[in-house]
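The file upload.tsv comes next; it holds TSV, C-alpha atoms.
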chain	number	residue	atom	x	y	z
A	28	MET	CA	4.41	151.67	33.91
A	29	LYS	CA	4.85	147.93	33.76
A	30	LYS	CA	6.64	146.53	30.77
A	31	VAL	CA	4.47	144.58	28.34
A	32	VAL	CA	6.05	141.85	26.23
A	33	MET	CA	4.02	139.49	24.09
A	34	TYR	CA	4.76	136.26	22.29
A	35	THR	CA	2.40	135.91	19.37
A	36	LEU	CA	1.68	133.96	16.19
A	37	SER	CA	1.19	135.74	12.86
A	38	THR	CA	-1.72	133.38	12.15
A	39	CYS	CA	-3.66	133.92	15.38
A	40	PRO	CA	-6.61	136.36	15.50
A	41	TRP	CA	-6.47	136.55	19.34
A	42	CYS	CA	-2.88	137.77	19.12
A	43	MET	CA	-4.08	140.49	16.75
A	44	ARG	CA	-6.82	141.44	19.18
A	45	ALA	CA	-4.34	141.59	22.04
A	46	LYS	CA	-2.06	143.93	20.06
A	47	LYS	CA	-5.06	146.05	19.13
A	48	TYR	CA	-6.09	146.29	22.78
A	49	PHE	CA	-2.72	147.66	23.89
A	50	ARG	CA	-2.53	150.04	20.94
A	51	GLU	CA	-6.01	151.41	21.61
A	52	HIS	CA	-5.12	151.96	25.26
A	53	ASP	CA	-1.85	153.68	24.38
A	54	ILE	CA	0.15	151.07	26.24
A	55	PRO	CA	3.56	150.51	24.71
A	56	PHE	CA	4.45	146.86	24.13
A	57	GLU	CA	6.97	144.65	22.43
A	58	TYR	CA	6.08	141.48	20.61
A	59	ILE	CA	7.74	138.57	18.85
A	60	ASP	CA	5.92	136.38	16.35
A	61	TYR	CA	7.04	132.88	17.36
A	62	ASP	CA	6.34	131.46	13.90
A	63	LYS	CA	8.44	134.14	12.19
A	64	ALA	CA	11.33	134.07	14.66
A	65	ASP	CA	14.70	132.43	14.11
A	66	GLU	CA	15.55	129.09	15.68
A	67	LYS	CA	17.38	130.57	18.66
A	68	THR	CA	14.55	132.96	19.55
A	69	ARG	CA	11.98	130.20	19.12
A	70	ARG	CA	13.88	128.03	21.56
A	71	SER	CA	14.09	130.79	24.14
A	72	ILE	CA	10.32	131.45	23.82
A	73	MET	CA	9.69	127.73	24.24
A	74	GLU	CA	11.82	127.70	27.40
A	75	ASP	CA	10.14	130.82	28.75
A	76	CYS	CA	6.62	129.38	28.29
A	77	LYS	CA	7.72	126.14	29.92
A	78	SER	CA	9.34	127.94	32.86
A	79	HIS	CA	5.94	129.51	33.60
A	80	GLY	CA	4.36	126.05	33.52
A	81	GLU	CA	2.40	126.92	30.38
A	82	GLU	CA	1.95	125.35	26.97
A	83	MET	CA	2.89	127.35	23.91
A	84	SER	CA	-0.58	128.78	23.56
A	85	PHE	CA	-0.77	132.27	22.12
A	86	PRO	CA	-1.01	135.16	22.81
A	87	PHE	CA	1.43	134.78	25.71
A	88	VAL	CA	1.36	138.18	27.42
A	89	LYS	CA	3.87	139.26	30.06
A	90	ILE	CA	2.86	142.30	32.08
A	91	GLY	CA	5.63	143.15	34.52
A	92	ASP	CA	6.27	139.88	36.36
A	93	ASP	CA	2.85	138.45	35.60
A	94	VAL	CA	1.76	136.29	32.71
A	95	VAL	CA	-1.59	136.09	30.96
A	96	VAL	CA	-2.01	133.30	28.43
A	97	GLY	CA	-4.82	134.07	26.02
A	98	TYR	CA	-6.79	137.16	25.01
A	99	ASN	CA	-8.22	138.54	28.21
A	100	PRO	CA	-8.64	142.36	28.32
A	101	GLN	CA	-10.05	142.29	31.85
A	102	LYS	CA	-6.93	140.60	33.19
A	103	TYR	CA	-4.68	142.90	31.16
A	104	SER	CA	-6.26	146.05	32.60
A	105	LYS	CA	-6.29	144.68	36.13
A	106	LEU	CA	-2.58	143.90	36.00
A	107	LEU	CA	-1.78	147.27	34.48
A	108	GLU	CA	-3.71	149.09	37.20
A	109	SER	CA	-2.18	147.18	40.09
B	1423	MET	CA	-5.35	123.91	-4.88
B	1424	ASP	CA	-7.57	126.94	-4.68
B	1425	THR	CA	-7.68	128.30	-1.10
B	1426	GLU	CA	-11.45	128.83	-1.02
B	1427	LYS	CA	-12.05	125.30	-2.24
B	1428	ARG	CA	-9.69	123.79	0.33
B	1429	LYS	CA	-11.30	125.85	3.10
B	1430	GLN	CA	-14.63	124.37	2.13
B	1431	GLN	CA	-13.18	120.85	2.10
B	1432	LEU	CA	-11.65	121.24	5.55
B	1433	ARG	CA	-14.93	122.66	6.84
B	1434	THR	CA	-16.85	119.62	5.59
B	1435	MET	CA	-14.26	117.09	6.82
B	1436	PHE	CA	-13.88	118.61	10.27
B	1437	GLN	CA	-17.64	118.93	10.77
B	1438	ARG	CA	-17.81	115.11	10.79
B	1439	VAL	CA	-15.10	114.96	13.49
B	1440	ILE	CA	-16.41	117.65	15.85
B	1441	ASP	CA	-20.09	116.72	15.73
B	1442	PRO	CA	-19.81	113.48	17.77
B	1443	LEU	CA	-17.63	115.38	20.28
B	1444	GLY	CA	-20.43	117.86	21.01
B	1445	TYR	CA	-18.88	120.82	19.19
B	1446	LYS	CA	-19.95	123.02	16.28
B	1447	TYR	CA	-18.33	125.80	14.27
B	1448	SER	CA	-18.32	129.12	16.09
B	1449	PRO	CA	-21.31	131.32	15.20
B	1450	ASP	CA	-18.71	134.05	14.53
B	1451	GLU	CA	-18.54	133.46	10.77
B	1452	GLU	CA	-15.81	136.01	10.19
B	1453	LEU	CA	-13.57	134.31	12.76
B	1454	VAL	CA	-14.28	130.86	11.30
B	1455	ASP	CA	-13.42	132.02	7.81
B	1456	PHE	CA	-10.19	133.66	8.97
B	1457	LEU	CA	-9.05	130.63	10.99
B	1458	LEU	CA	-9.80	128.17	8.18
B	1459	GLU	CA	-7.84	130.36	5.80
B	1460	GLN	CA	-4.85	130.29	8.18
B	1461	GLU	CA	-5.13	126.51	8.37
B	1462	VAL	CA	-5.08	126.19	4.59
B	1463	MET	CA	-1.93	128.35	4.53
B	1464	LEU	CA	-0.34	126.27	7.31
B	1465	GLU	CA	-1.21	123.09	5.45
B	1466	LYS	CA	0.48	124.44	2.31
B	1467	GLU	CA	3.55	125.52	4.26
B	1468	LYS	CA	3.93	122.76	6.84
B	1469	GLY	CA	1.91	119.86	5.44
B	1470	SER	CA	-0.94	119.82	7.96
B	1471	PRO	CA	-3.74	122.22	8.97
B	1472	PHE	CA	-2.29	123.06	12.38
B	1473	CYS	CA	-3.97	125.22	15.01
B	1474	PRO	CA	-3.25	128.88	14.13
B	1475	CYS	CA	-2.96	129.81	17.83
B	1476	GLN	CA	-0.67	127.14	19.28
B	1477	GLY	CA	3.07	126.84	18.79
B	1478	LEU	CA	4.77	123.97	16.99
B	1479	THR	CA	7.98	122.58	18.44
B	1480	GLY	CA	9.10	120.42	15.52
B	1481	GLU	CA	8.65	117.31	17.65
B	1482	ARG	CA	6.18	115.06	15.83
B	1483	GLU	CA	4.42	113.66	18.88
B	1484	HIS	CA	3.73	117.17	20.18
B	1485	ASP	CA	2.84	118.79	16.87
B	1486	MET	CA	0.46	116.07	15.69
B	1487	GLN	CA	-1.74	116.86	18.68
B	1488	LEU	CA	-2.16	120.38	17.29
B	1489	VAL	CA	-3.61	119.32	13.94
B	1490	CYS	CA	-7.15	120.65	13.63
B	1491	PRO	CA	-9.53	119.58	15.13
B	1492	CYS	CA	-7.25	119.10	18.13
B	1493	ILE	CA	-10.17	118.74	20.58
B	1494	PRO	CA	-9.58	115.01	21.27
B	1495	PHE	CA	-6.13	115.76	22.70
B	1496	HIS	CA	-7.24	118.68	24.89
B	1497	ARG	CA	-10.72	117.50	25.70
B	1498	GLU	CA	-11.10	118.40	29.38
B	1499	HIS	CA	-9.42	121.76	29.00
B	1500	PHE	CA	-11.56	122.74	26.00
B	1501	ASP	CA	-14.74	121.36	27.56
B	1502	ALA	CA	-14.11	123.62	30.57
B	1503	MET	CA	-13.85	126.66	28.24
B	1504	LYS	CA	-16.71	125.42	26.01
B	1505	ARG	CA	-14.46	126.30	23.09
B	1506	CYS	CA	-11.21	125.16	21.55
B	1507	TRP	CA	-8.13	127.33	22.04
B	1508	CYS	CA	-8.37	129.27	18.77
B	1509	GLY	CA	-12.16	129.50	18.99
B	1510	LEU	CA	-12.92	127.77	15.69
B	1511	TYR	CA	-15.16	125.37	17.58
B	1512	VAL	CA	-17.55	125.91	20.47
B	1513	HIS	CA	-19.90	123.65	22.41
B	1514	LYS	CA	-23.18	123.10	20.57
B	1515	ASP	CA	-25.16	125.09	23.17
B	1516	VAL	CA	-23.05	128.26	22.78
B	1517	ASP	CA	-24.79	131.19	21.05
B	1518	ASP	CA	-22.42	134.01	21.95
B	1519	PRO	CA	-18.77	132.97	21.60
B	1520	ASP	CA	-17.55	136.36	22.86
B	1521	ASP	CA	-18.67	135.30	26.34
B	1522	LEU	CA	-16.07	132.54	26.42
B	1523	PRO	CA	-12.66	133.71	27.63
B	1524	GLN	CA	-9.50	131.71	27.03
B	1525	ILE	CA	-8.30	129.91	30.14
B	1526	SER	CA	-4.72	128.70	30.01
B	1527	ARG	CA	-3.91	125.05	30.53
B	1528	LYS	CA	-2.19	125.88	33.82
B	1529	GLU	CA	-5.17	127.89	35.13
B	1530	PHE	CA	-7.51	125.08	34.11
B	1531	GLU	CA	-5.45	122.49	35.98
B	1532	GLN	CA	-5.19	124.70	39.06
B	1533	SER	CA	-8.95	125.30	39.14
B	1534	ARG	CA	-9.53	121.58	38.80
B	1535	LYS	CA	-7.31	120.87	41.80
B	1536	LYS	CA	-9.32	123.30	43.94
B	1537	GLU	CA	-12.60	121.53	43.22
C	453	MET	CA	-28.30	92.57	7.67
C	454	VAL	CA	-25.70	90.63	5.74
C	455	SER	CA	-24.13	90.94	2.35
C	456	TRP	CA	-21.05	88.74	2.24
C	457	VAL	CA	-18.54	89.78	-0.36
C	458	PHE	CA	-15.46	87.73	-1.21
C	459	ALA	CA	-12.31	89.56	-0.14
C	460	ILE	CA	-9.21	87.33	-0.46
C	461	ASN	CA	-8.08	83.76	-0.02
C	462	GLU	CA	-7.13	83.10	3.58
C	463	ASN	CA	-3.51	82.30	2.68
C	464	GLU	CA	-3.00	85.68	0.95
C	465	LEU	CA	-2.61	87.56	4.26
C	466	ALA	CA	-0.17	86.53	6.98
C	467	ASP	CA	-0.93	87.06	10.66
C	468	GLY	CA	-0.10	90.57	11.84
C	469	GLU	CA	-0.41	91.98	8.33
C	470	LYS	CA	-2.82	94.44	6.71
C	471	LYS	CA	-4.03	94.89	3.17
C	472	PRO	CA	-6.06	97.52	1.31
C	473	LEU	CA	-8.99	96.22	-0.76
C	474	LEU	CA	-11.65	97.74	-2.92
C	475	LEU	CA	-14.94	95.98	-2.21
C	476	GLU	CA	-18.07	97.17	-4.03
C	477	GLY	CA	-16.44	100.55	-4.49
C	478	ASN	CA	-15.49	100.90	-0.81
C	479	ALA	CA	-11.86	101.27	0.30
C	480	ILE	CA	-11.42	98.60	2.96
C	481	LEU	CA	-8.53	97.73	5.25
C	482	LEU	CA	-8.33	94.01	5.96
C	483	VAL	CA	-6.23	92.93	8.93
C	484	ARG	CA	-5.30	89.51	10.20
C	485	GLN	CA	-4.40	89.51	13.85
C	486	GLU	CA	-4.13	86.64	16.33
C	487	GLY	CA	-5.74	84.37	13.77
C	488	ASN	CA	-8.83	86.53	13.18
C	489	PHE	CA	-9.74	88.81	10.29
C	490	TYR	CA	-10.88	92.39	10.83
C	491	ALA	CA	-12.24	94.80	8.24
C	492	MET	CA	-12.71	98.54	8.50
C	493	SER	CA	-12.89	101.53	6.21
C	494	ASN	CA	-9.41	102.33	4.92
C	495	LYS	CA	-10.13	106.07	5.12
C	496	CYS	CA	-9.24	107.82	8.35
C	497	PRO	CA	-12.32	109.64	9.75
C	498	HIS	CA	-10.11	112.70	10.29
C	499	MET	CA	-8.93	113.64	6.81
C	500	GLY	CA	-9.43	110.48	4.76
C	501	CYS	CA	-5.83	109.23	4.67
C	502	PRO	CA	-5.41	105.49	3.93
C	503	PHE	CA	-4.66	103.40	7.02
C	504	SER	CA	-3.00	100.83	4.76
C	505	LYS	CA	-0.01	103.18	4.53
C	506	GLY	CA	0.14	103.52	8.31
C	507	THR	CA	1.41	101.13	10.94
C	508	LEU	CA	-0.23	98.23	12.74
C	509	LYS	CA	0.67	97.27	16.29
C	510	GLY	CA	-1.49	94.58	17.81
C	511	PHE	CA	-5.09	95.69	17.27
C	512	ILE	CA	-4.19	99.35	16.82
C	513	VAL	CA	-3.71	100.94	13.43
C	514	LYS	CA	-2.03	104.34	13.22
C	515	CYS	CA	-2.90	106.75	10.42
C	516	PRO	CA	0.19	107.76	8.39
C	517	CYS	CA	-0.90	111.41	8.11
C	518	HIS	CA	-1.45	112.64	11.67
C	519	ASP	CA	-0.90	109.55	13.84
C	520	TRP	CA	-4.56	109.14	14.85
C	521	GLU	CA	-4.89	105.61	16.31
C	522	PHE	CA	-7.90	103.32	15.92
C	523	ASP	CA	-8.83	99.92	17.32
C	524	ILE	CA	-9.47	97.57	14.40
C	525	ARG	CA	-11.87	95.49	16.53
C	526	ASN	CA	-14.50	98.22	17.00
C	527	GLY	CA	-13.25	101.14	14.90
C	528	GLU	CA	-12.86	103.42	17.92
C	529	PHE	CA	-10.46	106.35	17.94
C	530	LEU	CA	-8.26	105.88	21.01
C	531	ALA	CA	-8.23	109.57	22.01
C	532	ALA	CA	-12.04	109.94	21.73
C	533	SER	CA	-14.22	106.84	21.40
C	534	GLU	CA	-17.13	108.90	20.01
C	535	ILE	CA	-15.20	109.07	16.76
C	536	LYS	CA	-15.46	105.73	15.00
C	537	ASP	CA	-14.26	104.32	11.76
C	538	THR	CA	-16.76	102.03	10.01
C	539	VAL	CA	-16.09	98.39	10.81
C	540	TYR	CA	-17.36	95.39	8.88
C	541	GLY	CA	-17.95	91.80	9.90
C	542	THR	CA	-15.77	89.06	8.44
C	543	LYS	CA	-16.01	85.30	8.06
C	544	VAL	CA	-13.80	82.56	6.70
C	545	SER	CA	-15.34	79.78	4.70
C	546	ASP	CA	-13.45	77.05	2.83
C	547	GLY	CA	-10.23	79.06	2.97
C	548	GLN	CA	-11.88	82.19	1.63
C	549	VAL	CA	-12.34	85.43	3.56
C	550	PHE	CA	-15.63	87.32	3.21
C	551	VAL	CA	-16.55	90.83	4.41
C	552	ASN	CA	-20.08	91.83	5.35
C	553	MET	CA	-20.53	95.01	3.37
C	554	LYS	CA	-23.79	95.78	5.17
C	555	GLY	CA	-21.54	96.70	8.07
C	556	ASP	CA	-22.84	94.48	10.88
C	557	LEU	CA	-20.15	92.68	12.82

Show me the file's structure as structure tokens.
Amino acid sequence: MKKVVMYTLSTCPWCMRAKKYFREHDIPFEYIDYDKADEKTRRSIMEDCKSHGEEMSFPFVKIGDDVVVGYNPQKYSKLLES
Amino acid sequence: MDTEKRKQQLRTMFQRVIDPLGYKYSPDEELVDFLLEQEVMLEKEKGSPFCPCQGLTGEREHDMQLVCPCIPFHREHFDAMKRCWCGLYVHKDVDDPDDLPQISRKEFEQSRKKE
Amino acid sequence: MVSWVFAINENELADGEKKPLLLEGNAILLVRQEGNFYAMSNKCPHMGCPFSKGTLKGFIVKCPCHDWEFDIRNGEFLAASEIKDTVYGTKVSDGQVFVNMKGDL
């Protein structure tokens, strides 16, 4: 199964929905709340978003080598199936 | 200040800003209430009611463009989605906000190039 | 419509400067730029912060709170011209500056 890693904000309802989606589908995932992270982690998240040509808009969901920015269950399931 | 009271104040102030831009508060009342509450908390903690769904860098020029309502600084992107990133605001003609997926800035710019 | 209200004496404001005034209960920002006087509401349309505490560069005033920039000549927000601050007409007569509180330029 592809690895799922998410960058999230503790204040963002779409990040909560994304986490809920993966939980409900029994898909294991890791996440880091950008706003609660230490300076070093924040910087590495910033760099990672930038390296994908994206703004720091959350949720920032990495499924395997692919990235989905935003809450988009259809895209999540498509990438998990492929 | 009392959170409920501040939420109400922000709601009234921001209504005057979004109206001439063609936006209204999302019909999803629960979402609106939650987002405004986050903004009140962010204002208490960081001094401004920042977007609850976009990341601050600590660089003033960047972060000031994420103070709610941030529509003026992301106009074309948000207009294409008919909503702002966090979904607090939608275009005035939108009845069902759940039909509006988030499109990332990069996707938006790529789709624009294709046209 | 006109309702001229005395604001200041012409020599009280140097060119390139701004000044907050309270005229008939309204918070006004008076600016003198390139020899002309401009008046607009001193409250930012975003969250009501006073422009008088912000910065002035040419005809652009920047709000001190969130850096929203407005053109003092027409009140327009630079990032979205649909958002406008109220602007008032001004005139100078016998060394005195008047603001038209009925709003018309």

Would you list which chain B residues are within 6 Å of chain C using only C-alpha atoms, as a PDB file with C-alpha atoms, in the frame of the given file?
ATOM      1  CA  PRO B1442     -19.810 113.480  17.770  1.00  0.00           C
ATOM      2  CA  MET B1486       0.460 116.070  15.690  1.00  0.00           C
ATOM      3  CA  PRO B1494      -9.580 115.010  21.270  1.00  0.00           C
TER       4      PRO B1494
END

> Taking into account all atoms listed in the file, which residue in the set B:Val1462, B:Val1516, B:Leu1453, B:Met1503 is nearest to chain A?
Replying inline: B:Leu1453

> Using all atoms listed in the file, which residues sit within 9 Å of Gln1437 of chain B once same-chain residues fewer than 5 positions away are excluded, as a list in words?
Replying inline: Leu1432, Tyr1445, Lys1446 and Tyr1447 of chain B

>> Just want the 10 Å neighbourhood of Gln1487 of chain B, counted on only C-alpha atoms, with same-chain residues fewer than 2 positions away dropped. Output as number ranges by chain.
In response: B: 1472-1473, 1478, 1482-1485, 1489-1496; C: 518-520

>> Please identify all residues of chain B having at least one atom at most 8 Å from any atom of chain A, considering only C-alpha atoms, and return them as a PyMOL selection string.
In response: chain B and resi 1453+1456-1457+1460+1474-1479+1507-1508+1523-1528

Residues within 9 Å of Gln485 of chain C, all atoms listed in the file, excluding chain neighbours under 3 positions, as a PDB file with C-alpha atoms, in the coordinates of the input:
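Writing the result to out_17.pdb gives the following:
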ATOM      1  CA  ALA C 466      -0.170  86.530   6.980  1.00  0.00           C
ATOM      2  CA  ASP C 467      -0.930  87.060  10.660  1.00  0.00           C
ATOM      3  CA  GLY C 468      -0.100  90.570  11.840  1.00  0.00           C
ATOM      4  CA  GLU C 469      -0.410  91.980   8.330  1.00  0.00           C
ATOM      5  CA  LYS C 470      -2.820  94.440   6.710  1.00  0.00           C
ATOM      6  CA  ASN C 488      -8.830  86.530  13.180  1.00  0.00           C
ATOM      7  CA  PHE C 489      -9.740  88.810  10.290  1.00  0.00           C
ATOM      8  CA  TYR C 490     -10.880  92.390  10.830  1.00  0.00           C
ATOM      9  CA  GLY C 510      -1.490  94.580  17.810  1.00  0.00           C
ATOM     10  CA  PHE C 511      -5.090  95.690  17.270  1.00  0.00           C
TER      11      PHE C 511
END

> So what do you get for atom CA of Ala45 of chain A versus atom CA of Val31 of chain A, distance-wise?
Replying inline: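 Atom CA of Ala45 of chain A sits 11.2 Å away from atom CA of Val31 of chain A.
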
> Using all atoms listed in the file, which residue out of C:Leu482, C:Cys515, C:Glu462, C:Thr542 lies closest to Pro502 of chain C?
Replying inline: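 Smallest distance to Pro502 of chain C is found for C:Cys515.
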
Shell of 7 Å around Val539 of chain C, only C-alpha atoms, local chain residues under 3 positions omitted, as a short mmCIF file (atom, residue, chain, number, x, y, z; two decimals) with C-alpha atoms, in the coordinates of the input:
data_model
loop_
_atom_site.label_atom_id
_atom_site.label_comp_id
_atom_site.auth_asym_id
_atom_site.auth_seq_id
_atom_site.Cartn_x
_atom_site.Cartn_y
_atom_site.Cartn_z
CA ALA C 491 -12.24 94.80 8.24
CA MET C 492 -12.71 98.54 8.50
CA SER C 493 -12.89 101.53 6.21
CA ASN C 526 -14.50 98.22 17.00
CA GLY C 527 -13.25 101.14 14.90
CA GLY C 555 -21.54 96.70 8.07
#

> Which value, in Å to one decimal, gives the distance between atom CA of Val549 of chain C and atom CA of Thr507 of chain C?
Replying inline: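 Here the two named atoms are 22.1 Å from each other.
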
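Between atom CA of Arg1438 of chain B and atom CA of Glu1461 of chain B there is a distance of 17.2 Å.
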
> Can you tell me, as a ChimeraX atom specification, what residues are no more than 9 Å from Lys46 of chain A when counting all atoms listed in the file, ignoring any on the same chain fewer than 6 positions away?
Replying inline: /A:33,56,58

Produce the centre coordinates and the three edge lengths, each in Å to one decimal, of the box along x, y and z that contains all listed atoms of segment 69-73 of chain A with 4 Å added on each side, as JSON.
{"center_x": 11.9, "center_y": 129.6, "center_z": 21.7, "size_x": 12.4, "size_y": 11.7, "size_z": 13.1}
